[in-house]
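The structure under discussion appears below in the form of structure tokens.
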Amino acid sequence: MGPDQQPKPPALTRAQLEDLVEYTLDVGRQMMECGAEAWRTENTMARIFRAYGLEVLDAHVIASQAAVTVKTPTGEHYTSTCMILPDKIGTDLERLETLNAAARYICAFTPELADLPLSLRRPSTRWSWRELLGYILGAGAFAIFFGGVLLDGLSSGFIGFVIYLMSQVRRLHHQNRIIYTTVACFLSGLLAQGCVAIGFGVNLDMVLIGDIMIFIPGLTMVKGVREFFYSDILTGIWRLVEAMLIAAAIAVGYVVSLMLGGQLAW
């Protein structure tokens, strides 16, 4: 659809405008929960508002909160904010693409509010066979890549499966990410030592490396640096500090497990 064919925004009542603000804020919140950059989330929300003929006075997003202020053609102002819970933030590129596709559809066709994409509703479950396979293959492949034998890869892949189950428990109970990482690394470290002790693994260090790679917050760190390039300083600092805390949690979890397992001296 070309610019000259852009549909006229539907006339909205006060209640509908309030619903649109809440709907668009929810789009932004879910984008941040899926791992989107703050500037991209702000841009998406602003485009949706402009598609409905609203003047965007402010669309501001940081890692823990989103806020918008819009002005109608008649001069009315609408302001709303929402909290972005840290325990729900992660990386879900498939979900993010669904949100982006829905936002593009809204901007292209400006549907009635009753016809807004229902795909923006949060999924009831996050169980994914593809994600599970990624945990298993990722852990196993890294163990072999860094010099382990096939049995090390199989052992690391098995522990990757257990780590995925632990991550599902975390999502279900909304556990703190730092505490979860410490506990999960501790348990996976003990499990790796147990696997090697019974012969299901040869090189303990290779098995551990494969599983550690699952926890490395590389994407979080990269996104934090990207936020600085777009002048989102607070969000960038938030993500960089989070990445460093996760890295410290990984070290603590595995070191304590190795000490208890007798692999390291106190």
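By convention in this document, the chains of the structure tokens carry letters A, B, ... by their order, each chain's residues are numbered from 1, and ligands are numbered from 1 in the order they are shown.
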Using only C-alpha atoms, what does the table of segment 159-221 of chain A residues within 7 Å of segment 74-88 of chain A look like, with each row giving the shortest atom pair and its distance in Å to one decimal, sorted by chain and ascending number, as JSON lines?
{"residue": "A:His174", "atom": "CA", "partner": "A:Asp87", "partner_atom": "CA", "distance": 5.6}
{"residue": "A:Gln175", "atom": "CA", "partner": "A:Asp87", "partner_atom": "CA", "distance": 6.3}
{"residue": "A:Asn176", "atom": "CA", "partner": "A:Asp87", "partner_atom": "CA", "distance": 5.7}
{"residue": "A:Arg177", "atom": "CA", "partner": "A:Asp87", "partner_atom": "CA", "distance": 6.4}
Expected file contents, prior selection, N, CA and C atoms, as a tab-separated table (two decimals), in the first residue's frame:
chain	number	residue	atom	x	y	z
A	174	HIS	N	8.97	-17.03	38.24
A	174	HIS	CA	9.49	-15.67	38.14
A	174	HIS	C	10.64	-15.43	39.12
A	175	GLN	N	11.61	-16.32	39.12
A	175	GLN	CA	12.73	-16.22	40.03
A	175	GLN	C	13.73	-15.16	39.54
A	176	ASN	N	14.43	-14.58	40.50
A	176	ASN	CA	15.47	-13.61	40.18
A	176	ASN	C	16.53	-14.25	39.29
A	177	ARG	N	16.93	-13.56	38.23
A	177	ARG	CA	17.85	-14.16	37.26
A	177	ARG	C	19.23	-14.41	37.84
> Residues of segment 36-265 of chain A in alpha helix (DSSP H) according to DSSP, as a PyMOL selection string?
Replying inline: chain A and resi 38-51+93-109+129-145+150-173+177-197+204-215+218-229+233-260
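Distances here use only C-alpha atoms; by that measure, the residue among A:Thr181, A:Asn100, A:Asn43, A:Asn203 closest to Val149 of chain A is A:Asn203.
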> Near Phe186 of chain A, counting only C-alpha atoms, which residues have an atom at most 12 Å away, once you skip same-chain residues fewer than 5 positions from it, shown as a PyMOL selection string?
Replying inline: chain A and resi 163+166+179-181+191-193+208+211-212+215+249-261
> Between A:Gly148, A:Gly28, A:Gly218, A:Gly224, which is the closest to Met206 of chain A once you count only C-alpha atoms?
Replying inline: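 Once distances to Met206 of chain A are computed over only C-alpha atoms, the minimum belongs to A:Gly148.
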> Could you state the separation of atom CA of Leu151 of chain A and atom CA of Ser128 of chain A in Å, given to one decimal place?
Replying inline: 25.7 Å
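With only C-alpha atoms as the atoms that count, the residue of A:Phe158, A:Leu93, A:Phe109, A:Ala63 with the shortest distance to Val241 of chain A is A:Ala63.
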> Which residues come within 12 Å of Glu18 of chain A, counting only C-alpha atoms, excluding same-chain residues fewer than 4 positions away, as a PyMOL selection string?
Replying inline: chain A and resi 12-14+22-25+49+68-72+76-80+113
Limited to C-alpha atoms, could you put the picked residues into a file as a compact mmCIF listing (two decimals), in the first residue's frame?
# COMPACT_ATOMS: atom_id res chain seq x y z
CA LEU A 12 -11.87 7.14 18.35
CA THR A 13 -13.84 7.91 21.49
CA ARG A 14 -12.16 8.82 24.76
CA GLU A 22 -2.73 0.82 27.04
CA TYR A 23 -2.51 -1.51 24.05
CA THR A 24 0.51 0.28 22.61
CA LEU A 25 2.22 0.37 26.00
CA PHE A 49 0.23 6.34 17.64
CA VAL A 68 4.03 7.64 26.73
CA THR A 69 2.24 10.98 26.33
CA VAL A 70 0.12 11.66 23.24
CA LYS A 71 -2.03 14.53 22.05
CA THR A 72 -5.24 14.15 20.07
CA GLU A 76 -6.56 16.31 24.67
CA HIS A 77 -3.56 14.71 26.32
CA TYR A 78 -3.20 11.08 27.38
CA THR A 79 -0.34 9.88 29.56
CA SER A 80 0.34 6.40 30.86
CA LEU A 113 -9.48 -1.33 17.93
>> Env of segment 153-156 of chain A: 9 Å cut, atoms = only C-alpha atoms, seq-sep filter 3 positions within chain, self excluded. Answer as a list in words.
In response: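 Residues meeting the cut-off are Ile136, Leu137, Ala139, Gly140, Ala141, Phe142, Ala143, Ile144, Phe145, Gly148, Val149, Leu150, Ile159, Gly160, Phe161, Ala192, Cys195, Val196, Phe200, Gly201, Met206, Val207, Leu208, Ile209, Gly210 and Asp211 of chain A.
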Go ahead and dump the residues you just picked, C-alpha atoms, as a compact mmCIF listing (two decimals), in the first residue's frame.
# COMPACT_ATOMS: atom_id res chain seq x y z
CA ILE A 136 21.26 -29.74 24.07
CA LEU A 137 23.09 -29.21 20.79
CA ALA A 139 26.17 -27.43 25.09
CA GLY A 140 27.30 -30.62 23.37
CA ALA A 141 28.80 -28.87 20.36
CA PHE A 142 30.80 -26.41 22.47
CA ALA A 143 32.20 -29.24 24.60
CA ILE A 144 33.49 -30.98 21.49
CA PHE A 145 34.60 -27.75 19.79
CA GLY A 148 36.35 -32.74 24.22
CA VAL A 149 35.55 -36.18 22.92
CA LEU A 150 32.13 -37.39 21.79
CA ILE A 159 23.25 -31.44 31.36
CA GLY A 160 22.04 -28.83 28.86
CA PHE A 161 18.68 -30.62 28.89
CA ALA A 192 28.98 -32.67 35.49
CA CYS A 195 28.68 -37.75 35.09
CA VAL A 196 32.47 -37.89 34.78
CA PHE A 200 29.59 -40.66 31.32
CA GLY A 201 32.24 -38.16 30.30
CA MET A 206 35.29 -29.79 28.52
CA VAL A 207 31.92 -30.83 29.92
CA LEU A 208 31.85 -27.72 32.11
CA ILE A 209 32.84 -25.42 29.24
CA GLY A 210 29.98 -26.70 27.10
CA ASP A 211 27.44 -25.96 29.82
> So what do you get for atom CA of Gln16 of chain A versus atom CA of Arg50 of chain A, distance-wise?
Replying inline: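 Between these atoms lies a distance of 15.2 Å.
Of the residues listed (A:Ile246, A:Leu240, A:Ile233, A:Leu54), A:Ile246 shows the shortest atom-to-atom separation from Ala184 of chain A; distances use only C-alpha atoms.
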>> Using only C-alpha atoms, can you tell me which of A:Glu42, A:Pro73, A:Leu204, A:Arg95 comes closest to Asp152 of chain A?
In response: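 Ranking A:Glu42, A:Pro73, A:Leu204, A:Arg95 by distance to Asp152 of chain A, first place goes to A:Leu204.
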